[in-house]
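Here the structure comes first, spelled out in structure tokens, and everything after it is commentary.
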Amino acid sequence: MSTRKNAAYNVAYRMFSVLLPLVIAPYLSRTVGTDGVGLYSKAWSISYIFCLIGMLGLNDYGVRTIAQVRDDREKLDRTFSAIWQMQLLVAGATLLGWFGYVFLATELEQKIAFSLTMMSVGCLCSFDWCLMGLGQFKQIALRNTAVKLIATACVFIFVRKAEDLWIYGLAWSLSTLLGNLSCAAALKGKVSYHPVPLKESLKHLRPCAVLFISVMAVSIYRQMDKVMVSVLAEDGITQNGLYENAEKVIYCLSGFISAIGTVMMPKVSHMWKMGEKERISRHIDRSMDLVICMVTAMAFGVAAVADRFAPLFYGEDFRYSGTLMVPLAFTLIMIGFANVIRTQVVLPQERDHIFVKSVCCGAVVNLAVNACLIPGMGSMGAVIGTLAAEMTVPVIQFIILRKELPYGRYLYHVFAYALIGGFMLLCVRGVGKLLPEETWVNLGIQTAAGIASYGILCLVYWKVAKKGLFWGD
């Protein structure tokens, strides 16, 4: 399947999968309140960390490894079998650890935590890494979409009061397991399992563990911040509920970035194996231009309307979430920049140590800033910690790769689109002053003004700069 089609399927699915929780969020926020949202956020964050341990970096290592051998069926079957056997060992041990956590959790959290158990069970049969390595993004998108739609219907039907929060957790965790099982069925005819010696499986453990270090580091400043807000901040559960709903919007938008990187990594890994360096360079430059264009529009757009969007979308109790969204939005630019370098330079070339160093530095910065600021500033301290961490990652990458990559051209993209984004923000805020009433209609007018101004200025910029199409084959 072509890059365009893979990108389309993956972007559509990522958008769908992160928009669904966002669509449900207003209903859930009004049904269970800030404390309920905060309690679920803490339990889900811990469950997610266990799932990351269970997958042990396979979402990067597995995709890359399968992409490198996909043209040789014998090697493909053997590699798949060895990796899956390793996955069963690690995910099985992690599942036991999860049951231990559920047993030791407080009574308030135990019911929610137990409802999320199927997420850890799903790690035993998660084959997305194989399908992505084979370039089969359509199968992942269509099958998981159907399962998540059923889960969404269950939430609206069965979650009626604060005490039903465990049903919400069960619906989403069960959808994860069923989605994984449906994708496993999609492997039929594409790859076969044949038992291999344990020693052959364990040889994949070390490179997976190296990437796992980076995955855990990322989780520290993507998930542990919520746990730290719950524990360190005054009125921590409420503060975490506000932070969760602010971060949820940013996470939704970052799904676009991840979708492009996910499609490009197996493709560039394969091109690197074939020695197509000139073609790789062209893909990286086009990807950087496209991603920075997208994330800049998102960042400045969210910053322009967040103060009105949050109370309209989540309810008046979550007005402060809009304040948190404004600085959080600008992490999208840093995430996008770092993602292109990671998925199209670092990982395809198997230079995993660069990825590990950059995200570990980001995690250390995040923990330090959070520990200092959250006790006094609450959720805003976590926002500052996230900003510092996301800035650290591309800075470390730059220090290591500055002599190999045309960073001047990449930063020019950032500067150009930031100017356009700044003008859009002023335009949207200006329209807001003319329409002071907080209504969905006025918010829609502001959004339309932002899209029009950003789009027109981008067209002018592309014409002046004589830019062609973003995407090749």
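How things are named: the first chain in the structure tokens is A, the next is B, and so on; residues count from 1 in each chain; ligands count from 1 in the order shown.
For A:Pro375, the non-local neighbours within 8 Å, defined as residues at least 4 positions apart in the same chain or in other chains and counting only C-alpha atoms, are A:Leu232, A:Ala233, A:Glu234, A:Ala371, A:Gly381.
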Please identify every residue of stretch 55-137 of chain A that has at least one atom no farther than 8 Å from an atom of stretch 177-181 of chain A, counting only C-alpha atoms, and for each give the shortest atom pair and the distance in Å to one decimal, arranged by chain then increasing number, as a tab-separated table.
residue	atom	partner	partner_atom	distance
A:Met118	CA	A:Leu177	CA	6.0
A:Met119	CA	A:Leu177	CA	6.3
A:Val121	CA	A:Leu177	CA	6.9
A:Gly122	CA	A:Leu177	CA	4.3
A:Cys123	CA	A:Leu177	CA	7.9
A:Cys125	CA	A:Asn180	CA	6.1
A:Ser126	CA	A:Asn180	CA	5.1
A:Phe127	CA	A:Asn180	CA	6.8
A:Asp128	CA	A:Asn180	CA	7.6
Can you write just those residues out, N, CA and C atoms, as a CSV table (one decimal), in the first residue's frame?
chain,number,residue,atom,x,y,z
A,118,MET,N,-8.2,-5.7,31.5
A,118,MET,CA,-8.2,-6.3,30.1
A,118,MET,C,-7.1,-5.5,29.3
A,119,MET,N,-6.7,-4.3,29.7
A,119,MET,CA,-5.7,-3.6,29.0
A,119,MET,C,-4.4,-4.4,29.1
A,121,VAL,N,-4.2,-7.7,29.8
A,121,VAL,CA,-4.4,-9.0,29.1
A,121,VAL,C,-4.1,-8.8,27.6
A,122,GLY,N,-4.6,-7.7,27.1
A,122,GLY,CA,-4.4,-7.4,25.7
A,122,GLY,C,-3.0,-7.3,25.2
A,123,CYS,N,-2.1,-7.1,26.1
A,123,CYS,CA,-0.7,-7.0,25.7
A,123,CYS,C,-0.1,-8.4,25.3
A,125,CYS,N,-1.6,-10.4,23.2
A,125,CYS,CA,-2.0,-10.6,21.8
A,125,CYS,C,-2.0,-9.4,21.0
A,126,SER,N,-1.2,-8.4,21.3
A,126,SER,CA,-1.1,-7.1,20.6
A,126,SER,C,-0.1,-7.3,19.4
A,127,PHE,N,-0.6,-7.3,18.2
A,127,PHE,CA,0.2,-7.5,17.0
A,127,PHE,C,0.3,-6.3,16.1
A,128,ASP,N,-0.1,-5.1,16.6
A,128,ASP,CA,0.0,-3.9,15.8
A,128,ASP,C,1.4,-3.7,15.2
Exercise. Using only C-alpha atoms, determine which residues lie at most 12 Å from A:Phe80, disregarding the query and same-chain residues fewer than 6 positions distant; provide the list as a ChimeraX atom specification.
Key: /A:58,61-70,72-74,86-87,127-131,133-134,187,190-196,200-201,204
Quiz prompt | Residue among A:Leu104, A:Val393, A:Leu459, A:Ile167 lying closest to A:Asn339, counting only C-alpha atoms | solution = A:Val393
Quiz prompt | Non-local contacts of stretch 251-255 of chain A (7 Å; only C-alpha atoms; under 5 positions in same chain excluded) as a list of chain:residue names | solution = A:Arg14, A:Met15, A:Val18, A:Leu19, A:Leu332
Please produce a file of those selected residues containing C-alpha atoms, as a PDB file, in the first residue's frame.
ATOM      1  CA  ARG A  14      -5.549   7.975  15.195  1.00  0.00           C
ATOM      2  CA  MET A  15      -7.887  10.925  14.884  1.00  0.00           C
ATOM      3  CA  VAL A  18      -8.311  10.004  20.298  1.00  0.00           C
ATOM      4  CA  LEU A  19     -11.431  11.947  19.359  1.00  0.00           C
ATOM      5  CA  LEU A 332       2.717  20.297  19.993  1.00  0.00           C
TER       6      LEU A 332
END
Practice problem: Find the spatial neighbours of A:Glu316, counting only C-alpha atoms, within a cut-off of 12 Å - ignore same-chain residues fewer than 4 positions away - and output them as a PyMOL selection string. | Solution: chain A and resi 26+29-30+33-34+242+307-312+320-322+438
Quiz item: DSSP on the backbone: what in stretch 180-388 of chain A comes out alpha helix (DSSP H), as JSON, numbers by chain?
Solution: {"A": [180, 181, 182, 183, 184, 185, 198, 199, 200, 201, 202, 205, 206, 207, 208, 209, 210, 211, 212, 213, 214, 215, 216, 217, 218, 219, 225, 226, 227, 228, 229, 230, 231, 232, 236, 237, 238, 239, 240, 241, 242, 243, 244, 245, 246, 247, 248, 249, 250, 251, 252, 253, 254, 255, 256, 257, 258, 259, 260, 261, 262, 263, 264, 265, 266, 267, 268, 269, 270, 271, 272, 273, 274, 277, 278, 279, 280, 281, 282, 283, 284, 285, 286, 287, 288, 289, 290, 291, 292, 293, 294, 295, 296, 297, 298, 299, 300, 301, 302, 303, 304, 305, 306, 307, 308, 309, 310, 311, 312, 313, 314, 319, 320, 321, 322, 323, 324, 325, 326, 327, 328, 329, 331, 332, 333, 334, 335, 336, 337, 338, 339, 340, 341, 352, 353, 354, 355, 356, 357, 358, 359, 360, 361, 362, 363, 364, 365, 366, 367, 368, 369, 370, 371, 372, 373, 374, 375, 376, 377, 379, 380, 381, 382, 383, 384, 385, 386, 387, 388]}
Quiz prompt | Surrounding residues of A:Val102 excluding itself and chain neighbours under 4 positions, 7 Å, only C-alpha atoms, as a VMD selection string | solution = chain A and resid 98 110 113 to 114
Selected residues written out, C-alpha atoms, as a PDB file, in the first residue's frame:
ATOM      1  CA  TRP A  98      -0.783  -5.764  37.647  1.00  0.00           C
ATOM      2  CA  GLN A 110      -9.494  -0.969  43.456  1.00  0.00           C
ATOM      3  CA  ALA A 113      -8.214  -0.558  38.603  1.00  0.00           C
ATOM      4  CA  PHE A 114      -9.760  -4.037  38.287  1.00  0.00           C
TER       5      PHE A 114
END
Report as a tab-separated table: every residue of stretch 75-170 of chain A with an atom at most 7 Å from stretch 42-49 of chain A, its closest pair of atoms, and their distance in Å to one decimal, counting only C-alpha atoms, with rows sorted by chain and ascending residue number.
residue	atom	partner	partner_atom	distance
A:Glu109	CA	A:Ala43	CA	6.9
A:Ile112	CA	A:Ala43	CA	6.8
A:Ala113	CA	A:Ala43	CA	5.7
A:Leu116	CA	A:Ser47	CA	6.9
Quiz prompt | Contacts of A:Gly336 within 12 Å, only C-alpha atoms, excl. fewer than 4 positions in-chain, as a ChimeraX atom specification | solution = /A:253-261,287-299,329-332,340-343,390-391,393-394,410,414
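Counting only C-alpha atoms, the residue from A:Asp35, A:Glu437, A:Asp352, A:Asp71 that sits nearest to A:Ser230 is A:Asp35.
Comparing the minimum interatomic distances between A:Leu419 and each of A:Ser453, A:Thr386, A:Asp77, A:Lys433, counting only C-alpha atoms, we find that A:Ser453 sits nearest.
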Quiz item: Smallest atom-to-atom distance to A:Ala12: which of A:Leu149, A:Leu142, A:Leu174, A:Phe300, using only C-alpha atoms?
Solution: A:Leu142
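Reported to one decimal place, the separation of atom CA of A:Arg222 from atom CA of A:Gln344 is 22.0 Å.
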